[in-house]
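The structure file final06.pdb is reproduced below (PDB, C-alpha atoms, pLDDT in the B column).
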```pdb
ATOM      1  CA  MET A   1     114.419 105.918 185.054  1.00 90.00           C
ATOM      2  CA  SER A   2     111.294 104.966 183.101  1.00 96.00           C
ATOM      3  CA  VAL A   3     107.815 105.092 184.572  1.00 96.00           C
ATOM      4  CA  LYS A   4     107.697 101.289 184.598  1.00 93.00           C
ATOM      5  CA  GLU A   5     111.035 101.076 186.416  1.00 96.00           C
ATOM      6  CA  THR A   6     109.885 103.675 188.953  1.00 95.00           C
ATOM      7  CA  VAL A   7     106.661 101.779 189.655  1.00 90.00           C
ATOM      8  CA  HIS A   8     108.594  98.511 190.040  1.00 92.00           C
ATOM      9  CA  LYS A   9     110.916 100.219 192.522  1.00 94.00           C
ATOM     10  CA  TRP A  10     107.995 101.566 194.555  1.00 91.00           C
ATOM     11  CA  ILE A  11     106.303  98.176 194.630  1.00 91.00           C
ATOM     12  CA  ASP A  12     109.548  96.471 195.683  1.00 93.00           C
ATOM     13  CA  GLU A  13     109.776  98.905 198.588  1.00 93.00           C
ATOM     14  CA  MET A  14     106.242  98.153 199.834  1.00 91.00           C
ATOM     15  CA  ALA A  15     105.652  95.692 202.663  1.00 91.00           C
ATOM     16  CA  GLU A  16     104.135  92.338 201.595  1.00 90.00           C
ATOM     17  CA  ASP A  17     100.990  93.004 203.633  1.00 90.00           C
ATOM     18  CA  SER A  18     100.576  96.599 202.473  1.00 91.00           C
ATOM     19  CA  PRO A  19      96.925  97.515 201.797  1.00 92.00           C
ATOM     20  CA  GLY A  20      98.128  99.640 198.898  1.00 90.00           C
ATOM     21  CA  LEU A  21      99.834  96.635 197.317  1.00 91.00           C
ATOM     22  CA  MET A  22      96.631  94.594 197.510  1.00 91.00           C
ATOM     23  CA  GLU A  23      94.672  97.496 196.029  1.00 93.00           C
ATOM     24  CA  LEU A  24      97.113  97.711 193.110  1.00 91.00           C
ATOM     25  CA  TYR A  25      96.833  93.954 192.599  1.00 92.00           C
ATOM     26  CA  GLU A  26      93.029  93.999 192.560  1.00 95.00           C
ATOM     27  CA  GLN A  27      92.948  96.954 190.173  1.00 96.00           C
ATOM     28  CA  ALA A  28      95.394  95.234 187.828  1.00 95.00           C
ATOM     29  CA  ARG A  29      93.288  92.055 187.881  1.00 97.00           C
ATOM     30  CA  LEU A  30      90.151  94.050 187.080  1.00 98.00           C
ATOM     31  CA  ASP A  31      91.860  95.957 184.263  1.00 97.00           C
ATOM     32  CA  ARG A  32      93.151  92.713 182.763  1.00 98.00           C
ATOM     33  CA  ALA A  33      89.739  91.023 182.976  1.00 98.00           C
ATOM     34  CA  ILE A  34      88.073  93.984 181.268  1.00 98.00           C
ATOM     35  CA  SER A  35      90.702  93.993 178.507  1.00 98.00           C
ATOM     36  CA  GLU A  36      90.257  90.266 177.951  1.00 97.00           C
ATOM     37  CA  ALA A  37      86.474  90.637 177.835  1.00 97.00           C
ATOM     38  CA  LYS A  38      86.707  93.455 175.293  1.00 98.00           C
ATOM     39  CA  LYS A  39      89.014  91.338 173.136  1.00 98.00           C
ATOM     40  CA  ALA A  40      86.617  88.374 173.340  1.00 97.00           C
ATOM     41  CA  ILE A  41      83.742  90.606 172.223  1.00 96.00           C
ATOM     42  CA  GLN A  42      85.770  91.977 169.311  1.00 97.00           C
ATOM     43  CA  GLU A  43      86.621  88.410 168.265  1.00 98.00           C
ATOM     44  CA  GLY A  44      82.979  87.375 168.465  1.00 96.00           C
ATOM     45  CA  ARG A  45      83.503  85.010 171.389  1.00 96.00           C
ATOM     46  CA  VAL A  46      80.186  85.811 173.030  1.00 95.00           C
ATOM     47  CA  LEU A  47      77.074  83.929 174.093  1.00 95.00           C
ATOM     48  CA  THR A  48      73.459  84.862 173.740  1.00 95.00           C
ATOM     49  CA  TRP A  49      71.640  85.507 176.990  1.00 96.00           C
ATOM     50  CA  GLU A  50      69.686  82.292 176.469  1.00 97.00           C
ATOM     51  CA  GLU A  51      72.829  80.176 176.035  1.00 97.00           C
ATOM     52  CA  ALA A  52      74.519  81.731 179.071  1.00 96.00           C
ATOM     53  CA  ASP A  53      71.369  81.159 181.145  1.00 97.00           C
ATOM     54  CA  ARG A  54      71.144  77.521 180.013  1.00 97.00           C
ATOM     55  CA  ARG A  55      74.792  76.858 180.854  1.00 96.00           C
ATOM     56  CA  MET A  56      74.486  78.417 184.296  1.00 96.00           C
ATOM     57  CA  LYS A  57      71.375  76.406 185.085  1.00 96.00           C
ATOM     58  CA  GLU A  58      73.156  73.199 184.044  1.00 95.00           C
ATOM     59  CA  LYS A  59      76.191  74.099 186.132  1.00 93.00           C
ATOM     60  CA  TRP A  60      74.111  74.845 189.232  1.00 94.00           C
ATOM     61  CA  ALA A  61      72.014  71.701 188.730  1.00 92.00           C
ATOM     62  CA  LYS A  62      75.206  69.590 188.704  1.00 87.00           C
ATOM     63  CA  ARG A  63      76.509  71.407 191.758  1.00 85.00           C
ATOM     64  CA  ASP A  64      73.235  70.960 193.647  1.00 82.00           C
ATOM     65  CA  SER A  65      73.083  67.251 192.792  1.00 83.00           C
ATOM     66  CA  ARG A  66      76.616  66.701 194.170  1.00 81.00           C
ATOM     67  CA  SER A  67      75.835  68.485 197.443  1.00 74.00           C
ATOM     68  CA  ASN A  68      72.767  66.322 198.171  1.00 65.00           C
TER      69      ASN A  68
END
```
Would you put the structure from the file into structure tokens?
Amino acid sequence: MSVKETVHKWIDEMAEDSPGLMELYEQARLDRAISEAKKAIQEGRVLTWEEADRRMKEKWAKRDSRSN
């Protein structure tokens, strides 16, 4: 049995509300997000600090105006 098959078997045996299952899920999400961010950086899909700051301020201004 391969490592992947073994891990699938273990996960299938875990209860739906198992804390360990949620921990695995969160770790997998984090690992995927980091991998995607690294790929974006390698591909040059990045913003300057100034552009990111401007976009966030615009986003929050729109959000604040809707809540008033």
May I ask for the distance between atom CA of Trp10 of chain A and atom CA of Ala33 of chain A, given in Å to one decimal place?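 Taking atom CA of Trp10 of chain A as the start and atom CA of Ala33 of chain A as the end point, the length is 24.1 Å.
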In Å to one decimal, how far is atom CA of Lys39 of chain A from atom CA of Lys57 of chain A?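 Answer for the atom CA of Lys57 of chain A to atom CA of Lys39 of chain A separation: 26.0 Å.
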Skip segment 24-28 of chain A itself and residues of its chain fewer than 4 positions away, then list as a PyMOL selection string all residues within 12 Å of it, counting all atoms listed in the file. chain A and resi 7-8+10-11+14+16-20+32-35
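Atom CA of Ile41 of chain A to atom CA of Trp60 of chain A spans 25.1 Å [interatomic distance, one decimal].
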